[in-house]
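See structure below.
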Amino acid sequence: MSVGTVRYMARPSWSGSISFGMVSLPVAIVPAVRRQTVSFNQLDSESMSRIRYRKVADATGEEVPTEQIVRAADVGGGNYVVVDDDELDALTPERSDELAIEAFVPADDIDPLAYDTSYYVVPDGAVKPYALLTRALAGTGRVGLGSFVMRRREHLAVVRSDGERLLLSTIAWPDEVVPPADLDGFDAVADADLTEKELDMAENLVEAMSEDFDPEAFTDEYRTAVEELIDAKAEGQVPVAETASERSATVVDLTEALEASLADARKKKGSRQKTTG
């Protein structure tokens, strides 16, 4: 989209060193994910001017100046505890210049649900210790676990290797991951009555739909359509909205659904193989 396009700059989010034992490697971490989204502004349809928001007190309906606004925590019953900036500053950890790996654990020990933000770890000085840790992690199948402070917040982090470079992911603290026991509905799964035929067909369907992951095959079609709409309107065109295609009828019987899905998957796989050939 030509409107509002911003060129991505790989700016480090944190720089310092990663240490394990007595070995230290200077690094910088750069976001590995670049979120793509289309942002909108709210305008007055008559004057086409931006809509601004005022901070208004519920009790008086009057706008409150910034210097009069305080931060407070809701403790229930309509009661609030006011906490000022100085009190929070006294508790905020100072930025750390080191991420000390406290242990190397099997990669499978980290629950994928806990992974948060991912970064590339870029060498920022001596390359040899960086290469050493990269190959050691790849060879052992383990990841480094430690914590560091970034943007005035302490993060639990995992350092791993893809064989050529180091990657870092912040992960949720243990008490932030929702236990499955807190959710309803999972107990019935273990008691589900499945036949051998259904399970066999489901496994065959998985095999028929199996292929190597190709990230280029997946695109955000909605975002692309929105960008094309904006480009067209910016050039004075009047785009015609397409009617959404109707969904196919739902197959209620599980066996019928498996048979139909398996036949369709095999047909599609055969077509792709012919095209490739």
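Naming scheme: A, B, ... for chains in displayed order of the structure tokens; residues 1 onward per chain; ligands 1 onward as shown.
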
For the contact check between range 11-75 of chain A and range 116-130 of chain A, emit one row per residue of range 11-75 of chain A within 7 Å, containing the shortest atom pair and the distance in Å rounded to one decimal, counting only C-alpha atoms, chain then rising number order, as CSV.
```
residue,atom,partner,partner_atom,distance
A:Leu25,CA,A:Pro129,CA,5.7
A:Pro26,CA,A:Asp124,CA,5.2
A:Val27,CA,A:Asp124,CA,4.5
A:Ala28,CA,A:Val122,CA,5.2
A:Ile29,CA,A:Val121,CA,4.6
A:Val30,CA,A:Tyr120,CA,5.2
A:Pro31,CA,A:Tyr119,CA,4.4
A:Ala32,CA,A:Tyr119,CA,4.5
A:Val33,CA,A:Ser118,CA,6.8
```

Write a file of the just-selected residues containing N, CA and C atoms, as a PDB file, in the first residue's frame.
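Ended up saving to selection05.pdb:
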```pdb
ATOM      1  N   LEU A  25      29.389 -12.692  25.966  1.00  0.00           N
ATOM      2  CA  LEU A  25      29.380 -12.264  24.569  1.00  0.00           C
ATOM      3  C   LEU A  25      28.550 -10.993  24.431  1.00  0.00           C
ATOM      4  N   PRO A  26      29.152  -9.910  23.912  1.00  0.00           N
ATOM      5  CA  PRO A  26      28.424  -8.656  23.708  1.00  0.00           C
ATOM      6  C   PRO A  26      27.437  -8.806  22.549  1.00  0.00           C
ATOM      7  N   VAL A  27      26.189  -8.383  22.783  1.00  0.00           N
ATOM      8  CA  VAL A  27      25.148  -8.562  21.768  1.00  0.00           C
ATOM      9  C   VAL A  27      24.181  -7.380  21.775  1.00  0.00           C
ATOM     10  N   ALA A  28      23.366  -7.360  20.740  1.00  0.00           N
ATOM     11  CA  ALA A  28      22.205  -6.468  20.676  1.00  0.00           C
ATOM     12  C   ALA A  28      21.046  -7.326  20.212  1.00  0.00           C
ATOM     13  N   ILE A  29      19.840  -7.064  20.705  1.00  0.00           N
ATOM     14  CA  ILE A  29      18.685  -7.835  20.255  1.00  0.00           C
ATOM     15  C   ILE A  29      17.778  -6.940  19.421  1.00  0.00           C
ATOM     16  N   VAL A  30      17.315  -7.507  18.305  1.00  0.00           N
ATOM     17  CA  VAL A  30      16.486  -6.785  17.335  1.00  0.00           C
ATOM     18  C   VAL A  30      15.185  -7.553  17.149  1.00  0.00           C
ATOM     19  N   PRO A  31      14.024  -6.894  17.162  1.00  0.00           N
ATOM     20  CA  PRO A  31      12.751  -7.607  16.983  1.00  0.00           C
ATOM     21  C   PRO A  31      12.770  -8.496  15.741  1.00  0.00           C
ATOM     22  N   ALA A  32      12.332  -9.740  15.912  1.00  0.00           N
ATOM     23  CA  ALA A  32      12.304 -10.685  14.795  1.00  0.00           C
ATOM     24  C   ALA A  32      10.968 -10.680  14.073  1.00  0.00           C
ATOM     25  N   VAL A  33       9.974 -10.019  14.651  1.00  0.00           N
ATOM     26  CA  VAL A  33       8.643  -9.954  14.047  1.00  0.00           C
ATOM     27  C   VAL A  33       8.285  -8.509  13.783  1.00  0.00           C
TER      28      VAL A  33
END
```

Please provide the set of residues having any atom within 9 Å of Val238 in chain A, restricted to only C-alpha atoms, with same-chain residues fewer than 3 positions apart removed, written as a PDB file with C-alpha atoms, in the first residue's frame.
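Result file follows (selection11.pdb):
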```pdb
ATOM      1  CA  LEU A 229      -9.270  -0.447  -1.274  1.00  0.00           C
ATOM      2  CA  ALA A 232      -8.031   2.683  -5.221  1.00  0.00           C
ATOM      3  CA  LYS A 233      -9.962   5.368  -3.338  1.00  0.00           C
TER       4      LYS A 233
END
```

12 Å contact set for range 180-197 of chain A, only C-alpha atoms, chain neighbours under 5 positions out, as a ChimeraX atom specification: /A:113,202-204,254-256,258-259

Backbone-only DSSP, helix (DSSP H, G or I) members of range 50-260 of chain A, as number ranges by chain: A: 66-68, 85-91, 107-109, 112-114, 128-140, 174-176, 180-182, 187-190, 196-208, 215-217, 221-234, 254-260

Contacts of Arg142 in chain A within 10 Å, only C-alpha atoms, excl. fewer than 6 positions in-chain, as a list in words: Ala103, Phe104, Val105, Pro106, Ala107, Asp108, Asp109, Ala136, Val159, Arg160 and Ser161 of chain A

Take the residues from that selection and write them out as a CSV table (one decimal), in the first residue's frame, keeping C-alpha atoms.
```csv
chain,number,residue,atom,x,y,z
A,103,ALA,CA,20.6,-22.9,33.4
A,104,PHE,CA,20.5,-24.8,30.2
A,105,VAL,CA,17.3,-26.8,29.9
A,106,PRO,CA,15.8,-29.1,27.2
A,107,ALA,CA,14.0,-27.1,24.6
A,108,ASP,CA,10.8,-29.2,25.1
A,109,ASP,CA,10.6,-28.2,28.7
A,136,ALA,CA,26.9,-25.6,21.7
A,159,VAL,CA,18.1,-18.0,24.4
A,160,ARG,CA,18.2,-20.7,21.6
A,161,SER,CA,20.1,-21.5,18.5
```

Quick one: which range 37-113 of chain A residues come within 10 Å of range 165-174 of chain A, and what is the nearest atom pair for each with the distance in Å to one decimal, counting only C-alpha atoms, rows ordered by chain and ascending number, as JSON lines?
```
{"residue": "A:Ile110", "atom": "CA", "partner": "A:Ile171", "partner_atom": "CA", "distance": 9.0}
{"residue": "A:Asp111", "atom": "CA", "partner": "A:Ile171", "partner_atom": "CA", "distance": 9.3}
{"residue": "A:Pro112", "atom": "CA", "partner": "A:Ile171", "partner_atom": "CA", "distance": 9.0}
{"residue": "A:Leu113", "atom": "CA", "partner": "A:Ala172", "partner_atom": "CA", "distance": 8.4}
```

Dump of C-alpha atoms for the selected residues, as a PDB file, in the first residue's frame:
```
ATOM      1  CA  ILE A 110       9.442 -24.726  27.733  1.00  0.00           C
ATOM      2  CA  ASP A 111       5.693 -24.692  27.140  1.00  0.00           C
ATOM      3  CA  PRO A 112       5.016 -23.059  23.716  1.00  0.00           C
ATOM      4  CA  LEU A 113       2.097 -21.227  25.346  1.00  0.00           C
TER       5      LEU A 113
END
```

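Take the candidates A:Gln42, A:Tyr80, A:Pro65, A:Arg152 and check each one against Glu94 in chain A using only C-alpha atoms; the shortest distance goes to A:Arg152.
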
Å distance separating CA of Met209 in chain A from CA of Ala265 in chain A, one decimal place: 6.0 Å

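In terms of minimum interatomic distance to Leu133 in chain A, A:Val23 ranks closest within A:Val81, A:Val23, A:Val70, A:Leu205, counting only C-alpha atoms.
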
Close residues, Arg153 in chain A itself excluded, 8 Å, only C-alpha atoms, min 4 positions apart in chain, as JSON, numbers by chain: {"A": [92, 93, 149]}

Which of range 107-185 of chain A DSSP labels strand (DSSP E), written as an MDAnalysis selection string: chainID A and resid 115:123 142:150 153:161 166:171

Non-local contacts of Arg52 in chain A (12 Å; only C-alpha atoms; under 4 positions in same chain excluded) as a PyMOL selection string: chain A and resi 41-44

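Relative to CA of Asp89 in chain A, CA of Glu63 in chain A is found at 27.6 Å.
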
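Distance annotation: of A:Leu262, A:Val178, A:Val158, A:Leu137, the residue with the minimal separation from Leu99 in chain A is A:Val158; atom set is only C-alpha atoms.
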
Separation of CA of Thr224 in chain A from CA of Arg11 in chain A in Å: 26.3 Å

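Shell of Ala138 in chain A at 7 Å, with only C-alpha atoms counted and residues fewer than 4 places along the chain excluded, is Thr134, Ser161, Asp162 and Gly163 of chain A.
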
Can I get the selection written as an mmCIF file, in the first residue's frame, with N, CA and C atoms?
```cif
data_model
loop_
_atom_site.group_PDB
_atom_site.id
_atom_site.type_symbol
_atom_site.label_atom_id
_atom_site.label_comp_id
_atom_site.auth_asym_id
_atom_site.auth_seq_id
_atom_site.Cartn_x
_atom_site.Cartn_y
_atom_site.Cartn_z
ATOM 1 N N THR A 134 26.336 -20.544 20.000
ATOM 2 C CA THR A 134 25.418 -20.941 18.924
ATOM 3 C C THR A 134 25.549 -22.429 18.619
ATOM 4 N N SER A 161 19.272 -21.579 19.683
ATOM 5 C CA SER A 161 20.075 -21.514 18.467
ATOM 6 C C SER A 161 19.340 -22.202 17.322
ATOM 7 N N ASP A 162 19.449 -21.629 16.126
ATOM 8 C CA ASP A 162 18.919 -22.301 14.941
ATOM 9 C C ASP A 162 20.046 -22.953 14.141
ATOM 10 N N GLY A 163 21.214 -23.023 14.761
ATOM 11 C CA GLY A 163 22.371 -23.626 14.120
ATOM 12 C C GLY A 163 23.314 -22.609 13.512
#
```
